[in-house]
file input.cif (mmCIF, N, CA and C atoms)
data_run
loop_
_atom_site.label_atom_id
_atom_site.label_comp_id
_atom_site.auth_asym_id
_atom_site.auth_seq_id
_atom_site.Cartn_x
_atom_site.Cartn_y
_atom_site.Cartn_z
N MET A 1 66.20 95.45 144.83
CA MET A 1 67.50 95.97 145.23
C MET A 1 68.30 96.30 143.98
N SER A 2 69.01 97.41 143.97
CA SER A 2 69.71 97.89 142.78
C SER A 2 71.05 97.22 142.54
N GLY A 3 71.56 96.47 143.48
CA GLY A 3 72.87 95.85 143.34
C GLY A 3 74.00 96.76 143.77
N VAL A 4 73.71 98.01 144.10
CA VAL A 4 74.71 98.97 144.58
C VAL A 4 74.77 98.83 146.10
N PRO A 5 75.97 98.69 146.65
CA PRO A 5 76.06 98.57 148.12
C PRO A 5 75.38 99.73 148.82
N GLU A 6 74.73 99.41 149.95
CA GLU A 6 74.00 100.43 150.70
C GLU A 6 74.88 101.61 151.08
N SER A 7 76.14 101.36 151.44
CA SER A 7 77.03 102.45 151.85
C SER A 7 77.26 103.42 150.69
N VAL A 8 77.34 102.92 149.46
CA VAL A 8 77.52 103.78 148.30
C VAL A 8 76.27 104.62 148.09
N GLU A 9 75.11 103.99 148.15
CA GLU A 9 73.86 104.73 147.98
C GLU A 9 73.70 105.81 149.05
N ARG A 10 74.13 105.51 150.27
CA ARG A 10 73.99 106.45 151.38
C ARG A 10 74.96 107.63 151.25
N HIS A 11 76.18 107.39 150.76
CA HIS A 11 77.20 108.43 150.72
C HIS A 11 77.25 109.19 149.40
N CYS A 12 76.77 108.63 148.32
CA CYS A 12 76.87 109.31 147.02
C CYS A 12 76.18 110.67 146.98
N PRO A 13 75.00 110.83 147.54
CA PRO A 13 74.38 112.18 147.49
C PRO A 13 75.23 113.23 148.20
N ALA A 14 75.79 112.91 149.35
CA ALA A 14 76.63 113.88 150.06
C ALA A 14 77.89 114.17 149.27
N PHE A 15 78.48 113.14 148.69
CA PHE A 15 79.67 113.32 147.86
C PHE A 15 79.35 114.23 146.68
N GLN A 16 78.23 113.99 146.02
CA GLN A 16 77.86 114.77 144.84
C GLN A 16 77.68 116.25 145.20
N VAL A 17 77.02 116.52 146.31
CA VAL A 17 76.82 117.91 146.73
C VAL A 17 78.17 118.57 147.03
N ALA A 18 79.05 117.86 147.73
CA ALA A 18 80.36 118.41 148.09
C ALA A 18 81.19 118.70 146.84
N VAL A 19 81.20 117.76 145.90
CA VAL A 19 81.98 117.94 144.68
C VAL A 19 81.42 119.10 143.85
N GLU A 20 80.12 119.22 143.76
CA GLU A 20 79.52 120.31 143.00
C GLU A 20 79.81 121.66 143.65
N LEU A 21 79.81 121.71 144.98
CA LEU A 21 80.11 122.97 145.66
C LEU A 21 81.56 123.38 145.44
N ALA A 22 82.48 122.45 145.67
CA ALA A 22 83.90 122.77 145.51
C ALA A 22 84.29 122.91 144.05
N GLY A 23 83.63 122.17 143.18
CA GLY A 23 84.02 122.14 141.78
C GLY A 23 83.32 123.12 140.88
N ARG A 24 82.36 123.84 141.41
CA ARG A 24 81.68 124.83 140.58
C ARG A 24 82.68 125.87 140.11
N ARG A 25 82.56 126.27 138.86
CA ARG A 25 83.53 127.19 138.26
C ARG A 25 83.81 128.36 139.20
N TRP A 26 85.06 128.60 139.48
CA TRP A 26 85.63 129.67 140.30
C TRP A 26 85.57 129.41 141.80
N ASN A 27 84.71 128.52 142.27
CA ASN A 27 84.60 128.32 143.72
C ASN A 27 85.92 127.86 144.33
N GLY A 28 86.60 126.95 143.69
CA GLY A 28 87.87 126.47 144.23
C GLY A 28 88.88 127.60 144.38
N ALA A 29 88.99 128.43 143.35
CA ALA A 29 89.93 129.55 143.40
C ALA A 29 89.54 130.56 144.48
N ILE A 30 88.26 130.79 144.65
CA ILE A 30 87.80 131.72 145.69
C ILE A 30 88.10 131.15 147.07
N LEU A 31 87.84 129.86 147.26
CA LEU A 31 88.12 129.23 148.55
C LEU A 31 89.60 129.26 148.88
N LEU A 32 90.44 128.98 147.88
CA LEU A 32 91.89 129.02 148.12
C LEU A 32 92.36 130.44 148.41
N ALA A 33 91.77 131.43 147.75
CA ALA A 33 92.11 132.83 148.03
C ALA A 33 91.72 133.18 149.47
N ALA A 34 90.56 132.70 149.91
CA ALA A 34 90.12 132.95 151.29
C ALA A 34 91.07 132.27 152.27
N ALA A 35 91.55 131.08 151.93
CA ALA A 35 92.48 130.36 152.81
C ALA A 35 93.81 131.07 152.91
N ARG A 36 94.18 131.82 151.86
CA ARG A 36 95.44 132.58 151.87
C ARG A 36 95.27 133.95 152.51
N GLY A 37 94.05 134.29 152.89
CA GLY A 37 93.84 135.52 153.62
C GLY A 37 93.06 136.61 152.91
N ALA A 38 92.64 136.39 151.67
CA ALA A 38 91.82 137.39 151.00
C ALA A 38 90.56 137.61 151.83
N ALA A 39 90.19 138.84 152.01
CA ALA A 39 89.05 139.12 152.87
C ALA A 39 88.05 140.07 152.22
N ARG A 40 88.54 141.05 151.49
CA ARG A 40 87.65 142.03 150.88
C ARG A 40 87.43 141.69 149.41
N TYR A 41 86.35 142.18 148.89
CA TYR A 41 85.96 141.92 147.50
C TYR A 41 87.12 142.21 146.55
N SER A 42 87.76 143.35 146.70
CA SER A 42 88.85 143.72 145.79
C SER A 42 90.03 142.75 145.90
N GLU A 43 90.26 142.20 147.08
CA GLU A 43 91.34 141.23 147.26
C GLU A 43 91.02 139.92 146.54
N PHE A 44 89.76 139.52 146.60
CA PHE A 44 89.35 138.32 145.86
C PHE A 44 89.48 138.57 144.36
N LEU A 45 89.07 139.74 143.92
CA LEU A 45 89.14 140.07 142.50
C LEU A 45 90.59 140.00 142.01
N ALA A 46 91.52 140.48 142.81
CA ALA A 46 92.94 140.43 142.44
C ALA A 46 93.49 139.01 142.52
N ALA A 47 92.99 138.22 143.46
CA ALA A 47 93.52 136.87 143.69
C ALA A 47 92.98 135.83 142.71
N VAL A 48 91.89 136.15 142.03
CA VAL A 48 91.26 135.20 141.11
C VAL A 48 91.22 135.83 139.71
N PRO A 49 92.35 135.77 139.00
CA PRO A 49 92.41 136.40 137.68
C PRO A 49 91.41 135.76 136.71
N GLY A 50 90.75 136.60 135.96
CA GLY A 50 89.84 136.12 134.95
C GLY A 50 88.38 136.09 135.36
N ILE A 51 88.09 136.21 136.64
CA ILE A 51 86.69 136.20 137.07
C ILE A 51 86.11 137.60 136.90
N SER A 52 84.86 137.66 136.45
CA SER A 52 84.22 138.96 136.29
C SER A 52 83.72 139.45 137.64
N GLU A 53 83.53 140.74 137.75
CA GLU A 53 83.04 141.32 139.00
C GLU A 53 81.66 140.76 139.35
N ARG A 54 80.81 140.64 138.35
CA ARG A 54 79.45 140.13 138.58
C ARG A 54 79.48 138.69 139.07
N LEU A 55 80.32 137.87 138.45
CA LEU A 55 80.39 136.47 138.84
C LEU A 55 81.02 136.30 140.22
N LEU A 56 82.03 137.10 140.53
CA LEU A 56 82.62 137.04 141.86
C LEU A 56 81.58 137.38 142.92
N ALA A 57 80.82 138.43 142.71
CA ALA A 57 79.78 138.81 143.67
C ALA A 57 78.77 137.68 143.84
N GLN A 58 78.38 137.05 142.75
CA GLN A 58 77.43 135.94 142.79
C GLN A 58 78.00 134.75 143.56
N ARG A 59 79.23 134.40 143.28
CA ARG A 59 79.85 133.25 143.96
C ARG A 59 80.05 133.52 145.45
N LEU A 60 80.46 134.74 145.80
CA LEU A 60 80.61 135.07 147.22
C LEU A 60 79.28 134.94 147.95
N ARG A 61 78.20 135.41 147.33
CA ARG A 61 76.86 135.27 147.93
C ARG A 61 76.49 133.80 148.10
N GLU A 62 76.76 132.99 147.07
CA GLU A 62 76.43 131.57 147.12
C GLU A 62 77.23 130.85 148.21
N LEU A 63 78.53 131.13 148.30
CA LEU A 63 79.36 130.48 149.30
C LEU A 63 78.97 130.91 150.71
N ASP A 64 78.53 132.15 150.86
CA ASP A 64 78.01 132.63 152.14
C ASP A 64 76.72 131.88 152.48
N ALA A 65 75.82 131.75 151.51
CA ALA A 65 74.55 131.05 151.73
C ALA A 65 74.77 129.58 152.09
N GLU A 66 75.83 128.98 151.55
CA GLU A 66 76.15 127.58 151.85
C GLU A 66 76.85 127.41 153.20
N GLY A 67 77.21 128.53 153.83
CA GLY A 67 77.87 128.47 155.12
C GLY A 67 79.35 128.16 155.04
N VAL A 68 79.94 128.36 153.85
CA VAL A 68 81.35 128.09 153.63
C VAL A 68 82.17 129.35 153.90
N LEU A 69 81.61 130.48 153.53
CA LEU A 69 82.18 131.80 153.84
C LEU A 69 81.20 132.53 154.73
N VAL A 70 81.71 133.45 155.51
CA VAL A 70 80.84 134.32 156.28
C VAL A 70 81.12 135.76 155.85
N ARG A 71 80.06 136.48 155.59
CA ARG A 71 80.15 137.88 155.18
C ARG A 71 79.98 138.73 156.43
N THR A 72 80.93 139.65 156.64
CA THR A 72 80.89 140.52 157.80
C THR A 72 80.92 141.97 157.34
N VAL A 73 79.98 142.75 157.83
CA VAL A 73 79.94 144.17 157.53
C VAL A 73 80.64 144.91 158.66
N VAL A 74 81.70 145.63 158.31
CA VAL A 74 82.46 146.39 159.29
C VAL A 74 81.94 147.83 159.25
N PRO A 75 81.32 148.28 160.34
CA PRO A 75 80.77 149.63 160.35
C PRO A 75 81.87 150.68 160.43
N SER A 76 82.23 151.18 159.29
CA SER A 76 83.26 152.22 159.21
C SER A 76 82.84 153.16 158.09
N THR A 77 83.65 154.16 157.85
CA THR A 77 83.38 155.07 156.75
C THR A 77 84.55 155.00 155.78
N PRO A 78 84.35 154.49 154.59
CA PRO A 78 83.13 153.81 154.10
C PRO A 78 82.97 152.43 154.73
N VAL A 79 81.77 151.90 154.62
CA VAL A 79 81.48 150.57 155.15
C VAL A 79 82.37 149.55 154.45
N GLN A 80 82.94 148.64 155.21
CA GLN A 80 83.77 147.58 154.63
C GLN A 80 83.06 146.24 154.79
N ILE A 81 83.14 145.44 153.76
CA ILE A 81 82.57 144.10 153.80
C ILE A 81 83.72 143.12 153.63
N THR A 82 83.81 142.19 154.56
CA THR A 82 84.86 141.18 154.49
C THR A 82 84.22 139.80 154.43
N TYR A 83 84.98 138.87 153.89
CA TYR A 83 84.57 137.47 153.80
C TYR A 83 85.66 136.63 154.42
N SER A 84 85.27 135.63 155.18
CA SER A 84 86.26 134.72 155.75
C SER A 84 85.69 133.31 155.74
N LEU A 85 86.60 132.34 155.77
CA LEU A 85 86.18 130.95 155.81
C LEU A 85 85.55 130.62 157.15
N THR A 86 84.50 129.85 157.11
CA THR A 86 83.92 129.28 158.32
C THR A 86 84.66 127.98 158.60
N ASP A 87 84.33 127.33 159.70
CA ASP A 87 84.92 126.01 159.95
C ASP A 87 84.57 125.05 158.82
N LYS A 88 83.35 125.15 158.34
CA LYS A 88 82.91 124.32 157.22
C LYS A 88 83.76 124.60 155.98
N GLY A 89 84.04 125.86 155.72
CA GLY A 89 84.86 126.24 154.58
C GLY A 89 86.31 125.79 154.72
N THR A 90 86.84 125.92 155.92
CA THR A 90 88.21 125.48 156.17
C THR A 90 88.34 123.97 155.93
N GLU A 91 87.37 123.21 156.39
CA GLU A 91 87.39 121.76 156.17
C GLU A 91 87.26 121.43 154.68
N LEU A 92 86.46 122.21 153.96
CA LEU A 92 86.32 121.98 152.52
C LEU A 92 87.64 122.24 151.80
N VAL A 93 88.32 123.32 152.16
CA VAL A 93 89.63 123.62 151.56
C VAL A 93 90.60 122.47 151.84
N GLU A 94 90.61 121.99 153.06
CA GLU A 94 91.52 120.89 153.41
C GLU A 94 91.15 119.62 152.65
N ALA A 95 89.87 119.41 152.39
CA ALA A 95 89.44 118.23 151.64
C ALA A 95 89.85 118.33 150.16
N VAL A 96 89.94 119.55 149.64
CA VAL A 96 90.27 119.77 148.24
C VAL A 96 91.79 119.72 147.99
N ARG A 97 92.58 120.00 149.00
CA ARG A 97 94.04 120.05 148.82
C ARG A 97 94.63 118.77 148.19
N PRO A 98 94.21 117.57 148.59
CA PRO A 98 94.75 116.39 147.92
C PRO A 98 94.38 116.32 146.43
N LEU A 99 93.23 116.83 146.08
CA LEU A 99 92.83 116.87 144.67
C LEU A 99 93.73 117.83 143.89
N ILE A 100 94.09 118.94 144.50
CA ILE A 100 95.01 119.89 143.88
C ILE A 100 96.36 119.22 143.65
N ALA A 101 96.84 118.51 144.67
CA ALA A 101 98.12 117.81 144.55
C ALA A 101 98.06 116.76 143.44
N TRP A 102 96.96 116.05 143.37
CA TRP A 102 96.78 115.05 142.31
C TRP A 102 96.83 115.72 140.94
N GLY A 103 96.12 116.84 140.80
CA GLY A 103 96.12 117.57 139.53
C GLY A 103 97.50 118.05 139.14
N GLU A 104 98.25 118.56 140.10
CA GLU A 104 99.61 119.03 139.81
C GLU A 104 100.51 117.88 139.40
N ARG A 105 100.32 116.73 140.01
CA ARG A 105 101.16 115.56 139.72
C ARG A 105 100.80 114.94 138.38
N TRP A 106 99.53 114.81 138.07
CA TRP A 106 99.10 114.05 136.91
C TRP A 106 98.68 114.90 135.72
N ILE A 107 98.28 116.12 135.95
CA ILE A 107 97.83 116.98 134.85
C ILE A 107 98.87 118.06 134.55
N GLY A 108 99.49 118.59 135.59
CA GLY A 108 100.54 119.56 135.40
C GLY A 108 100.05 120.99 135.41
N ALA A 109 101.01 121.88 135.28
CA ALA A 109 100.73 123.31 135.39
C ALA A 109 100.20 123.89 134.07
N GLY A 110 100.19 123.14 133.00
CA GLY A 110 99.75 123.65 131.71
C GLY A 110 98.26 123.62 131.48
N VAL A 111 97.48 123.49 132.52
CA VAL A 111 96.03 123.40 132.40
C VAL A 111 95.46 124.78 132.10
N ARG A 112 94.58 124.83 131.10
CA ARG A 112 93.90 126.10 130.78
C ARG A 112 92.79 126.34 131.79
N VAL A 113 92.67 127.57 132.27
CA VAL A 113 91.60 127.90 133.22
C VAL A 113 90.59 128.84 132.61
N ASP A 114 90.79 129.30 131.42
CA ASP A 114 89.82 130.19 130.79
C ASP A 114 88.91 129.37 129.88
N GLY A 115 87.84 130.06 129.43
CA GLY A 115 86.98 129.41 128.44
C GLY A 115 86.03 128.53 129.00
#

call {"tool": "encode", "arguments": {"input": "input.cif", "output": "structure tokens"}}
result
Amino acid sequence: MSGVPESVERHCPAFQVAVELAGRRWNGAILLAAARGAARYSEFLAAVPGISERLLAQRLRELDAEGVLVRTVVPSTPVQITYSLTDKGTELVEAVRPLIAWGERWIGAGVRVDG
């Protein structure tokens, strides 16, 4: 026996996956932009300053694959692609909000986001 309580061993893998998903560079900003209503690629690009077009496209694909965002193709001329939060994504945003509040309280607004 490792001396680690069974409940910790059972929950740590899920916690680690959740933290890595929400904490991966740019994912938090993309999720918050989706929660504020960003839907199209260009809206995400405007809502997440500093992210490259290539990286935004990659992160949107990853979040869609994880079931956090859903990609919808709107058959129009030209074709429109929108992204929206799934129930899973909405719950993730709500889970991250206390962490944002903690950061604002203890770290402040002077945090660098580049580099």

call {"tool": "select_by_dssp", "arguments": {"input": "input.cif", "residues": "region 26-76 of chain A", "states": "strand (DSSP E or B)", "output": "JSON list (two decimals) with N, CA and C atoms, keeping the file's coordinate frame"}}
result
[["chain", "number", "residue", "atom", "x", "y", "z"],
["A", 40, "ARG", "N", 88.54, 141.05, 151.49],
["A", 40, "ARG", "CA", 87.65, 142.03, 150.88],
["A", 40, "ARG", "C", 87.43, 141.69, 149.41],
["A", 69, "LEU", "N", 81.61, 130.48, 153.53],
["A", 69, "LEU", "CA", 82.18, 131.80, 153.84],
["A", 69, "LEU", "C", 81.20, 132.53, 154.73],
["A", 70, "VAL", "N", 81.71, 133.45, 155.51],
["A", 70, "VAL", "CA", 80.84, 134.32, 156.28],
["A", 70, "VAL", "C", 81.12, 135.76, 155.85],
["A", 71, "ARG", "N", 80.06, 136.48, 155.59],
["A", 71, "ARG", "CA", 80.15, 137.88, 155.18],
["A", 71, "ARG", "C", 79.98, 138.73, 156.43],
["A", 72, "THR", "N", 80.93, 139.65, 156.64],
["A", 72, "THR", "CA", 80.89, 140.52, 157.80],
["A", 72, "THR", "C", 80.92, 141.97, 157.34],
["A", 73, "VAL", "N", 79.98, 142.75, 157.83],
["A", 73, "VAL", "CA", 79.94, 144.17, 157.53],
["A", 73, "VAL", "C", 80.64, 144.91, 158.66],
["A", 74, "VAL", "N", 81.70, 145.63, 158.31],
["A", 74, "VAL", "CA", 82.46, 146.39, 159.29],
["A", 74, "VAL", "C", 81.94, 147.83, 159.25]]

call {"tool": "atom_distance", "arguments": {"input": "input.cif", "atom1": "CA of Leu85 (chain A)", "atom2": "atom N of Leu69 (chain A)"}}
result
5.1 Å

call {"tool": "closest_residue", "arguments": {"input": "input.cif", "among": "A:Ser84, A:Arg71, A:Ile107, A:Ala95", "to": "Ala35 (chain A)", "atoms": "all atoms listed in the file"}}
result
A:Ser84

call {"tool": "residues_around", "arguments": {"input": "input.cif", "residues": "region 28-34 of chain A", "least_positions_apart": "4", "cutoff": "10 Å", "atoms": "only C-alpha atoms", "output": "ChimeraX atom specification"}}
result
/A:21-24,38-40,43-49,51,56,59-60,63,68-69,83-85,89-90,92-94,96-97,100

call {"tool": "atom_distance", "arguments": {"input": "input.cif", "atom1": "CA of Ala18 (chain A)", "atom2": "CA of Ser52 (chain A)"}}
result
24.0 Å

call {"tool": "atom_distance", "arguments": {"input": "input.cif", "atom1": "atom N of Thr77 (chain A)", "atom2": "atom N of Arg61 (chain A)"}}
result
22.2 Å

call {"tool": "select_by_dssp", "arguments": {"input": "input.cif", "residues": "region 57-92 of chain A", "states": "helix (DSSP H, G or I)", "output": "ChimeraX atom specification"}}
result
/A:57-65,87-92

call {"tool": "closest_residue", "arguments": {"input": "input.cif", "among": "A:Tyr41, A:Gly108, A:Asn27, A:Lys88", "to": "Thr72 (chain A)", "atoms": "only C-alpha atoms"}}
result
A:Tyr41

call {"tool": "axis_aligned_box", "arguments": {"input": "input.cif", "around": "region 28-35 of chain A", "padding_each_side": "8 Å", "output": "JSON"}}
result
{"center_x": 90.2, "center_y": 129.8, "center_z": 148.1, "size_x": 23.2, "size_y": 22.7, "size_z": 25.6}
